[in-house]
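Q: Pasting structure-v7.pdb below, which is PDB, C-alpha atoms.
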```pdb
ATOM      1  CA  MET T  54       0.000   0.000   0.000
ATOM      2  CA  ARG T  55       1.366   3.399  -1.004
ATOM      3  CA  THR T  56      -0.042   6.594   0.438
ATOM      4  CA  ASP T  57       0.078  10.313  -0.223
ATOM      5  CA  THR T  58      -0.359  12.516   2.837
ATOM      6  CA  ASN T  59      -1.945  15.378   0.888
ATOM      7  CA  LEU T  60      -5.385  14.097   1.811
ATOM      8  CA  PRO T  61      -8.200  16.597   2.435
ATOM      9  CA  LEU T  62      -9.141  17.140   6.090
ATOM     10  CA  ALA T  63     -12.726  15.911   5.913
ATOM     11  CA  VAL T  64     -13.270  13.306   3.223
ATOM     12  CA  ARG T  65     -16.703  13.560   1.619
ATOM     13  CA  HIS T  66     -16.016  11.622  -1.572
ATOM     14  CA  ILE T  67     -13.989   8.466  -2.113
ATOM     15  CA  VAL T  68     -13.087   7.904  -5.756
ATOM     16  CA  LEU T  69     -11.882   4.481  -6.881
ATOM     17  CA  THR T  70      -9.689   4.323  -9.976
ATOM     18  CA  GLY T  71      -7.912   1.480 -11.703
ATOM     19  CA  PHE T  72      -7.960  -0.677 -14.789
ATOM     20  CA  MET T  73     -10.897  -2.936 -15.643
ATOM     21  CA  GLY T  74     -10.937  -5.899 -13.317
ATOM     22  CA  ALA T  75      -9.170  -4.072 -10.471
ATOM     23  CA  GLY T  76     -12.278  -4.408  -8.283
ATOM     24  CA  LYS T  77     -13.656  -0.860  -8.310
ATOM     25  CA  SER T  78     -17.352  -1.773  -8.446
ATOM     26  CA  THR T  79     -17.137  -4.611  -5.936
ATOM     27  CA  ILE T  80     -14.997  -2.711  -3.447
ATOM     28  CA  GLY T  81     -16.935   0.512  -3.992
ATOM     29  CA  ALA T  82     -20.210  -1.150  -3.044
ATOM     30  CA  LEU T  83     -18.646  -2.736   0.057
ATOM     31  CA  LEU T  84     -16.987   0.507   1.103
ATOM     32  CA  ALA T  85     -20.201   2.497   0.713
ATOM     33  CA  GLU T  86     -22.124  -0.097   2.707
ATOM     34  CA  ARG T  87     -19.581  -0.071   5.535
ATOM     35  CA  LEU T  88     -19.563   3.734   5.681
ATOM     36  CA  GLY T  89     -23.323   4.125   5.241
ATOM     37  CA  TRP T  90     -22.612   6.239   2.153
ATOM     38  CA  ARG T  91     -24.102   6.240  -1.322
ATOM     39  CA  PHE T  92     -22.341   4.184  -4.006
ATOM     40  CA  MET T  93     -22.144   5.411  -7.577
ATOM     41  CA  ASP T  94     -20.580   3.473 -10.446
ATOM     42  CA  THR T  95     -20.059   5.769 -13.438
ATOM     43  CA  ASP T  96     -20.674   2.966 -15.937
ATOM     44  CA  ALA T  97     -24.001   2.010 -14.315
ATOM     45  CA  PHE T  98     -24.922   5.691 -14.008
ATOM     46  CA  ILE T  99     -24.259   6.271 -17.718
ATOM     47  CA  GLU T 100     -26.192   3.171 -18.744
ATOM     48  CA  ALA T 101     -29.182   4.227 -16.629
ATOM     49  CA  ARG T 102     -29.067   7.788 -17.926
ATOM     50  CA  THR T 103     -28.730   6.868 -21.628
ATOM     51  CA  GLY T 104     -30.652   3.597 -21.754
ATOM     52  CA  SER T 105     -27.706   2.088 -23.654
ATOM     53  CA  THR T 106     -24.949  -0.277 -22.635
ATOM     54  CA  ILE T 107     -21.375   0.973 -22.520
ATOM     55  CA  ALA T 108     -20.568  -1.273 -25.496
ATOM     56  CA  GLN T 109     -23.457   0.266 -27.496
ATOM     57  CA  ILE T 110     -22.303   3.794 -26.677
ATOM     58  CA  PHE T 111     -18.780   2.980 -27.856
ATOM     59  CA  VAL T 112     -20.090   1.490 -31.120
ATOM     60  CA  GLU T 113     -22.799   4.052 -31.858
ATOM     61  CA  GLN T 114     -21.258   7.273 -30.515
ATOM     62  CA  GLY T 115     -17.561   6.553 -30.058
ATOM     63  CA  GLU T 116     -15.154   6.756 -27.160
ATOM     64  CA  ASP T 117     -15.019  10.570 -27.081
ATOM     65  CA  ALA T 118     -18.774  10.787 -26.493
ATOM     66  CA  PHE T 119     -18.515   8.166 -23.763
ATOM     67  CA  ARG T 120     -15.710  10.075 -22.016
ATOM     68  CA  LEU T 121     -17.907  13.206 -21.955
ATOM     69  CA  LEU T 122     -20.654  11.173 -20.301
ATOM     70  CA  GLU T 123     -18.113  10.033 -17.678
ATOM     71  CA  THR T 124     -17.146  13.633 -16.979
ATOM     72  CA  ASP T 125     -20.824  14.517 -16.524
ATOM     73  CA  ALA T 126     -21.198  11.628 -14.067
ATOM     74  CA  VAL T 127     -18.277  12.913 -11.968
ATOM     75  CA  ARG T 128     -19.716  16.430 -12.012
ATOM     76  CA  ASP T 129     -23.091  15.074 -10.873
ATOM     77  CA  CYS T 130     -21.315  13.411  -7.965
ATOM     78  CA  ALA T 131     -19.758  16.732  -6.940
ATOM     79  CA  GLY T 132     -23.073  18.052  -5.669
ATOM     80  CA  ALA T 133     -23.508  15.173  -3.245
ATOM     81  CA  GLU T 134     -21.583  14.304  -0.107
ATOM     82  CA  ARG T 135     -20.717  10.937   1.369
ATOM     83  CA  VAL T 136     -20.365   9.224  -1.993
ATOM     84  CA  VAL T 137     -18.095   6.377  -3.025
ATOM     85  CA  LEU T 138     -17.537   6.751  -6.760
ATOM     86  CA  ALA T 139     -16.175   3.945  -8.959
ATOM     87  CA  LEU T 140     -14.761   5.307 -12.207
ATOM     88  CA  GLY T 141     -14.502   3.443 -15.470
ATOM     89  CA  GLY T 142     -10.971   2.258 -16.175
ATOM     90  CA  GLY T 143     -10.295   4.861 -18.848
ATOM     91  CA  ALA T 144     -11.934   7.846 -17.165
ATOM     92  CA  VAL T 145      -8.593   9.207 -15.988
ATOM     93  CA  GLU T 146      -7.356   9.572 -19.566
ATOM     94  CA  SER T 147      -9.794  12.418 -20.154
ATOM     95  CA  GLY T 148      -8.534  15.845 -19.144
ATOM     96  CA  SER T 149     -12.099  17.011 -18.507
ATOM     97  CA  THR T 150     -12.694  14.100 -16.127
ATOM     98  CA  ARG T 151      -9.418  14.742 -14.322
ATOM     99  CA  ASN T 152     -10.462  18.401 -13.956
ATOM    100  CA  ALA T 153     -13.871  17.356 -12.625
ATOM    101  CA  LEU T 154     -12.148  15.079 -10.096
ATOM    102  CA  ALA T 155      -9.826  17.898  -9.048
ATOM    103  CA  GLY T 156     -12.927  20.006  -8.454
ATOM    104  CA  LEU T 157     -14.430  17.494  -6.018
ATOM    105  CA  ASP T 158     -14.187  19.042  -2.570
ATOM    106  CA  HIS T 159     -12.761  16.799   0.118
ATOM    107  CA  ALA T 160     -12.133  13.774  -2.112
ATOM    108  CA  CYS T 161      -9.819  10.848  -1.457
ATOM    109  CA  VAL T 162      -8.728   9.095  -4.644
ATOM    110  CA  VAL T 163      -7.794   5.424  -4.309
ATOM    111  CA  PHE T 164      -5.973   3.499  -7.046
ATOM    112  CA  LEU T 165      -6.807  -0.204  -6.989
ATOM    113  CA  ASP T 166      -3.874  -1.977  -8.586
ATOM    114  CA  ALA T 167      -3.201  -5.534  -9.770
ATOM    115  CA  PRO T 168      -1.128  -7.188 -12.495
ATOM    116  CA  LEU T 169      -2.753  -7.155 -15.929
ATOM    117  CA  ASP T 170      -3.076 -10.964 -16.026
ATOM    118  CA  VAL T 171      -5.042 -10.935 -12.767
ATOM    119  CA  MET T 172      -7.383  -8.189 -13.962
ATOM    120  CA  VAL T 173      -8.008  -9.862 -17.330
ATOM    121  CA  ALA T 174      -8.724 -13.179 -15.587
ATOM    122  CA  ARG T 175     -11.326 -11.413 -13.442
ATOM    123  CA  CYS T 176     -12.917  -9.745 -16.477
ATOM    124  CA  VAL T 177     -13.313 -12.874 -18.587
ATOM    125  CA  THR T 178     -15.476 -14.450 -15.880
ATOM    126  CA  GLN T 179     -17.885 -11.497 -15.766
ATOM    127  CA  PRO T 180     -21.278 -11.741 -17.529
ATOM    128  CA  ASP T 181     -20.464  -8.856 -19.907
ATOM    129  CA  ALA T 182     -17.107 -10.296 -21.059
ATOM    130  CA  SER T 183     -18.383 -10.950 -24.579
ATOM    131  CA  GLY T 184     -19.095  -7.227 -24.924
ATOM    132  CA  ARG T 185     -15.416  -6.452 -24.298
ATOM    133  CA  PRO T 186     -13.532  -7.542 -27.414
ATOM    134  CA  VAL T 187     -10.460  -5.669 -26.115
ATOM    135  CA  LEU T 188      -9.911  -8.555 -23.671
ATOM    136  CA  ALA T 189      -8.603 -10.671 -26.548
ATOM    137  CA  ASP T 190      -6.112  -8.012 -27.686
ATOM    138  CA  ARG T 191      -3.251  -8.297 -25.190
ATOM    139  CA  GLU T 192      -1.051  -5.713 -26.936
ATOM    140  CA  ARG T 193      -3.820  -3.117 -26.879
ATOM    141  CA  LEU T 194      -4.518  -3.827 -23.199
ATOM    142  CA  VAL T 195      -0.852  -3.340 -22.302
ATOM    143  CA  LYS T 196      -0.755  -0.008 -24.158
ATOM    144  CA  ARG T 197      -3.954   1.182 -22.485
ATOM    145  CA  LEU T 198      -2.699   0.279 -19.035
ATOM    146  CA  GLU T 199       0.669   1.961 -19.643
ATOM    147  CA  ALA T 200      -1.067   5.160 -20.812
ATOM    148  CA  ARG T 201      -3.288   5.239 -17.737
ATOM    149  CA  LEU T 202      -0.764   4.333 -15.043
ATOM    150  CA  PRO T 203       0.660   7.859 -14.590
ATOM    151  CA  HIS T 204      -2.874   9.141 -13.942
ATOM    152  CA  TYR T 205      -3.764   6.250 -11.614
ATOM    153  CA  ARG T 206      -0.586   6.852  -9.622
ATOM    154  CA  MET T 207      -1.686  10.409  -8.775
ATOM    155  CA  ALA T 208      -4.069   8.897  -6.189
ATOM    156  CA  HIS T 209      -3.858   9.592  -2.454
ATOM    157  CA  LEU T 210      -3.708   5.848  -1.794
ATOM    158  CA  THR T 211      -2.681   2.820  -3.849
ATOM    159  CA  VAL T 212      -3.876  -0.625  -2.774
ATOM    160  CA  SER T 213      -2.846  -3.842  -4.488
ATOM    161  CA  THR T 214      -5.920  -6.042  -4.833
ATOM    162  CA  THR T 215      -3.993  -9.056  -6.134
ATOM    163  CA  ASP T 216      -3.959 -11.316  -3.080
ATOM    164  CA  MET T 217      -6.625  -9.586  -1.026
ATOM    165  CA  THR T 218     -10.317 -10.286  -0.695
ATOM    166  CA  PRO T 219     -12.651  -7.366  -1.453
ATOM    167  CA  GLU T 220     -13.369  -7.188   2.283
ATOM    168  CA  ALA T 221      -9.639  -6.930   3.097
ATOM    169  CA  VAL T 222      -9.172  -4.175   0.503
ATOM    170  CA  THR T 223     -12.135  -2.325   2.018
ATOM    171  CA  ASP T 224     -10.627  -2.724   5.497
ATOM    172  CA  SER T 225      -7.316  -1.363   4.199
ATOM    173  CA  ILE T 226      -8.962   1.748   2.757
ATOM    174  CA  LEU T 227     -10.964   2.337   5.937
ATOM    175  CA  GLN T 228      -7.842   1.916   8.063
ATOM    176  CA  PHE T 229      -6.008   4.475   5.915
ATOM    177  CA  LEU T 230      -8.859   6.976   6.324
ATOM    178  CA  HIS T 231      -8.982   6.340  10.061
ATOM    179  CA  ASN T 232      -5.215   6.809  10.398
ATOM    180  CA  GLN T 233      -5.325  10.033   8.387
ATOM    181  CA  SER T 234      -8.167  11.406  10.515
ATOM    182  CA  ALA T 235      -6.370  10.491  13.743
ATOM    183  CA  ALA T 236      -3.117  12.091  12.561
ATOM    184  CA  LEU T 237      -4.905  15.276  11.530
ATOM    185  CA  ALA T 238      -6.788  15.450  14.823
ATOM    186  CA  ALA T 239      -3.539  14.992  16.769
ATOM    187  CA  GLU T 240      -1.873  17.705  14.698
ATOM    188  CA  ALA T 241      -4.771  20.077  15.325
ATOM    189  CA  ARG T 242      -4.570  19.460  19.094
ATOM    190  CA  GLN T 243      -0.859  20.355  19.071
ATOM    191  CA  ARG T 244      -1.473  23.763  17.518
TER
END
```
What does the file become when written as structure tokens?

A:
Amino acid sequence: MRTDTNLPLAVRHIVLTGFMGAGKSTIGALLAERLGWRFMDTDAFIEARTGSTIAQIFVEQGEDAFRLLETDAVRDCAGAERVVLALGGGAVESGSTRNALAGLDHACVVFLDAPLDVMVARCVTQPDASGRPVLADRERLVKRLEARLPHYRMAHLTVSTTDMTPEAVTDSILQFLHNQSAALAAEARQR
């Protein structure tokens, strides 16, 4: 686990980033449940809003249109507090989405990391795997991951999900938040 101490004082949003298969949706739902917060998955939000699947949007409107929808989803989240937000794997590639994330007050960004082979293995067992032809193109997956890694690594916290259960990853994130809050409270008392 890698951490960045530039965490906002009072976290009101937790944003999960990472490549497909990192565990964002699963861990996001668990984290929100444990905190008593609302969970929002940008992919599910976009599908509900448009009435189309992500695969259909990519085919019919293209990736650029999809990335704009992701940015809108992040902006919609900004008005709410106590939200755990799971981003799509490529959301961080969009400058407008990164700007929307930067505009989230009191957000903690968590990068869920795992080796590509592990993430692909998780994806191929999901019900929507047939709608992800990119899973068969290893070279393209490697390039996508390499392009996204610098953005993922800007997170406040990085957690490897490789050998951890979703519950253990959730515990790790909660422990980090608890430790940050305790350290900030102790610092405030010393002033």

Q: What do you get, as JSON, numbers by chain, if you spell out every residue that the PyMOL selection byres ((chain T and resi 170) around 12) selects here?

A: {"T": [72, 73, 74, 75, 166, 167, 168, 169, 171, 172, 173, 174, 175, 176, 177, 188, 189, 191, 194, 195, 198, 215]}

Q: If I take atom CA of T:Ser213 and atom CA of T:Val68, how far is one from the other in Å, to one decimal?

A: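 Going from atom CA of T:Ser213 over to atom CA of T:Val68, I get 15.6 Å.
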
Q: With all atoms listed in the file as the atoms that count, which of T:Thr124, T:Thr95, T:Thr79, T:Ser149 lies nearest to T:Thr223?

A: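 Once distances to T:Thr223 are computed over all atoms listed in the file, the minimum belongs to T:Thr79.
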
Q: For atom CA of T:Ser225 and atom CA of T:Asp94, determine how far apart the two atoms are, in Å to one decimal place.

A: 20.3 Å

Q: Hey, what's within 8 Å of T:Gly71 if we count only C-alpha atoms and toss same-chain stuff fewer than 3 positions away? As number ranges by chain, please?

A: T: 75, 77, 140-142, 164-166, 205

Q: Grab the residues selected above and save them as a tab-separated table (two decimals), in the coordinates of the input with C-alpha atoms.

A:
```
chain	number	residue	atom	x	y	z
T	75	ALA	CA	-9.17	-4.07	-10.47
T	77	LYS	CA	-13.66	-0.86	-8.31
T	140	LEU	CA	-14.76	5.31	-12.21
T	141	GLY	CA	-14.50	3.44	-15.47
T	142	GLY	CA	-10.97	2.26	-16.18
T	164	PHE	CA	-5.97	3.50	-7.05
T	165	LEU	CA	-6.81	-0.20	-6.99
T	166	ASP	CA	-3.87	-1.98	-8.59
T	205	TYR	CA	-3.76	6.25	-11.61
```

Q: To test your reading of the syntax: which residues would the PyMOL selection byres ((chain T and resi 80) around 8) return for the file shown? Reply as a list of chain:residue names.

A: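 Evaluating the PyMOL selection byres ((chain T and resi 80) around 8) on this file yields T:Gly76, T:Lys77, T:Ser78, T:Thr79, T:Gly81, T:Ala82, T:Leu83, T:Leu84, T:Pro219, T:Glu220, T:Val222, T:Thr223.
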
Q: From the set T:Lys196, T:His66, T:Arg206, T:Arg120, which residue has the shortest atom-to-atom contact distance to T:Met93, counting only C-alpha atoms?

A: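 Comparing T:Lys196, T:His66, T:Arg206, T:Arg120 against T:Met93, the winner is T:His66.
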
Q: Got a sec to resolve the PyMOL selection byres ((chain T and resi 134) around 12) on this structure and send the residues as a PyMOL selection string?

A: chain T and resi 63-67+85+89-93+129-133+135-138+157-160

Q: My list of candidates is T:Thr70, T:Thr150, T:Thr218, T:Gln233. Which is closest to T:Asp117 when distances are computed with all atoms listed in the file?

A: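 Checking each of T:Thr70, T:Thr150, T:Thr218, T:Gln233 against T:Asp117, counting all atoms listed in the file, the winner is T:Thr150.
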
Q: If I take atom CA of T:Arg128 and atom CA of T:Leu154, how far is one from the other in Å, to one decimal?

A: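 According to the coordinates, atom CA of T:Arg128 and atom CA of T:Leu154 are separated by 7.9 Å.
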
Q: What would stretch 120-131 of chain T look like with all heavy atoms in place, written as an mmCIF file, in the frame of the given file?

A:
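Wrote it out as selection-v1.cif, contents follow:
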```cif
data_model
loop_
_atom_site.group_PDB
_atom_site.id
_atom_site.type_symbol
_atom_site.label_atom_id
_atom_site.label_comp_id
_atom_site.auth_asym_id
_atom_site.auth_seq_id
_atom_site.Cartn_x
_atom_site.Cartn_y
_atom_site.Cartn_z
ATOM 1 N N ARG T 120 -16.542 9.376 -23.016
ATOM 2 C CA ARG T 120 -15.710 10.075 -22.016
ATOM 3 C C ARG T 120 -16.400 11.349 -21.521
ATOM 4 O O ARG T 120 -16.282 11.710 -20.349
ATOM 5 C CB ARG T 120 -14.324 10.382 -22.573
ATOM 6 C CG ARG T 120 -13.512 9.163 -22.955
ATOM 7 C CD ARG T 120 -13.179 8.298 -21.764
ATOM 8 N NE ARG T 120 -12.528 7.055 -22.193
ATOM 9 C CZ ARG T 120 -12.637 5.906 -21.587
ATOM 10 N NH1 ARG T 120 -13.360 5.797 -20.489
ATOM 11 N NH2 ARG T 120 -12.036 4.844 -22.049
ATOM 12 N N LEU T 121 -17.139 12.029 -22.395
ATOM 13 C CA LEU T 121 -17.907 13.206 -21.955
ATOM 14 C C LEU T 121 -18.998 12.809 -20.975
ATOM 15 O O LEU T 121 -19.265 13.530 -20.000
ATOM 16 C CB LEU T 121 -18.502 13.931 -23.162
ATOM 17 C CG LEU T 121 -17.499 14.655 -24.070
ATOM 18 C CD1 LEU T 121 -18.202 15.209 -25.304
ATOM 19 C CD2 LEU T 121 -16.788 15.766 -23.309
ATOM 20 N N LEU T 122 -19.632 11.672 -21.224
ATOM 21 C CA LEU T 122 -20.654 11.173 -20.301
ATOM 22 C C LEU T 122 -20.038 10.842 -18.935
ATOM 23 O O LEU T 122 -20.655 11.078 -17.884
ATOM 24 C CB LEU T 122 -21.354 9.950 -20.883
ATOM 25 C CG LEU T 122 -22.227 10.200 -22.115
ATOM 26 C CD1 LEU T 122 -22.635 8.887 -22.761
ATOM 27 C CD2 LEU T 122 -23.447 11.025 -21.737
ATOM 28 N N GLU T 123 -18.807 10.312 -18.938
ATOM 29 C CA GLU T 123 -18.113 10.033 -17.678
ATOM 30 C C GLU T 123 -17.852 11.325 -16.901
ATOM 31 O O GLU T 123 -18.047 11.381 -15.695
ATOM 32 C CB GLU T 123 -16.772 9.338 -17.936
ATOM 33 C CG GLU T 123 -16.870 7.870 -18.198
ATOM 34 C CD GLU T 123 -15.515 7.225 -18.393
ATOM 35 O OE1 GLU T 123 -14.632 7.823 -19.043
ATOM 36 O OE2 GLU T 123 -15.343 6.093 -17.895
ATOM 37 N N THR T 124 -17.401 12.343 -17.620
ATOM 38 C CA THR T 124 -17.146 13.633 -16.979
ATOM 39 C C THR T 124 -18.421 14.171 -16.349
ATOM 40 O O THR T 124 -18.405 14.660 -15.210
ATOM 41 C CB THR T 124 -16.574 14.642 -17.997
ATOM 42 O OG1 THR T 124 -15.354 14.128 -18.526
ATOM 43 C CG2 THR T 124 -16.323 15.996 -17.361
ATOM 44 N N ASP T 125 -19.538 14.073 -17.071
ATOM 45 C CA ASP T 125 -20.824 14.517 -16.524
ATOM 46 C C ASP T 125 -21.184 13.746 -15.253
ATOM 47 O O ASP T 125 -21.712 14.326 -14.297
ATOM 48 C CB ASP T 125 -21.940 14.358 -17.557
ATOM 49 C CG ASP T 125 -21.834 15.352 -18.699
ATOM 50 O OD1 ASP T 125 -21.099 16.362 -18.561
ATOM 51 O OD2 ASP T 125 -22.474 15.113 -19.744
ATOM 52 N N ALA T 126 -20.899 12.448 -15.241
ATOM 53 C CA ALA T 126 -21.198 11.628 -14.067
ATOM 54 C C ALA T 126 -20.391 12.099 -12.862
ATOM 55 O O ALA T 126 -20.920 12.193 -11.748
ATOM 56 C CB ALA T 126 -20.922 10.158 -14.354
ATOM 57 N N VAL T 127 -19.108 12.418 -13.075
ATOM 58 C CA VAL T 127 -18.277 12.913 -11.968
ATOM 59 C C VAL T 127 -18.802 14.258 -11.482
ATOM 60 O O VAL T 127 -18.894 14.504 -10.279
ATOM 61 C CB VAL T 127 -16.794 13.014 -12.395
ATOM 62 C CG1 VAL T 127 -15.957 13.704 -11.323
ATOM 63 C CG2 VAL T 127 -16.231 11.629 -12.709
ATOM 64 N N ARG T 128 -19.182 15.114 -12.406
ATOM 65 C CA ARG T 128 -19.716 16.430 -12.012
ATOM 66 C C ARG T 128 -21.016 16.283 -11.224
ATOM 67 O O ARG T 128 -21.270 17.029 -10.283
ATOM 68 C CB ARG T 128 -19.918 17.300 -13.242
ATOM 69 C CG ARG T 128 -18.613 17.809 -13.800
ATOM 70 C CD ARG T 128 -18.825 18.821 -14.910
ATOM 71 N NE ARG T 128 -17.550 19.264 -15.424
ATOM 72 C CZ ARG T 128 -17.209 19.247 -16.706
ATOM 73 N NH1 ARG T 128 -18.065 18.853 -17.624
ATOM 74 N NH2 ARG T 128 -16.015 19.656 -17.085
ATOM 75 N N ASP T 129 -21.856 15.323 -11.626
ATOM 76 C CA ASP T 129 -23.091 15.074 -10.873
ATOM 77 C C ASP T 129 -22.784 14.637 -9.448
ATOM 78 O O ASP T 129 -23.498 14.992 -8.511
ATOM 79 C CB ASP T 129 -23.950 14.019 -11.566
ATOM 80 C CG ASP T 129 -24.684 14.560 -12.779
ATOM 81 O OD1 ASP T 129 -24.598 15.780 -13.036
ATOM 82 O OD2 ASP T 129 -25.343 13.770 -13.472
ATOM 83 N N CYS T 130 -21.724 13.888 -9.283
ATOM 84 C CA CYS T 130 -21.315 13.411 -7.965
ATOM 85 C C CYS T 130 -20.853 14.571 -7.090
ATOM 86 O O CYS T 130 -21.002 14.528 -5.869
ATOM 87 C CB CYS T 130 -20.190 12.397 -8.123
ATOM 88 S SG CYS T 130 -19.471 11.839 -6.583
ATOM 89 N N ALA T 131 -20.323 15.612 -7.690
ATOM 90 C CA ALA T 131 -19.758 16.732 -6.940
ATOM 91 C C ALA T 131 -20.789 17.423 -6.046
ATOM 92 O O ALA T 131 -20.439 17.954 -5.002
ATOM 93 C CB ALA T 131 -19.135 17.748 -7.895
#
```
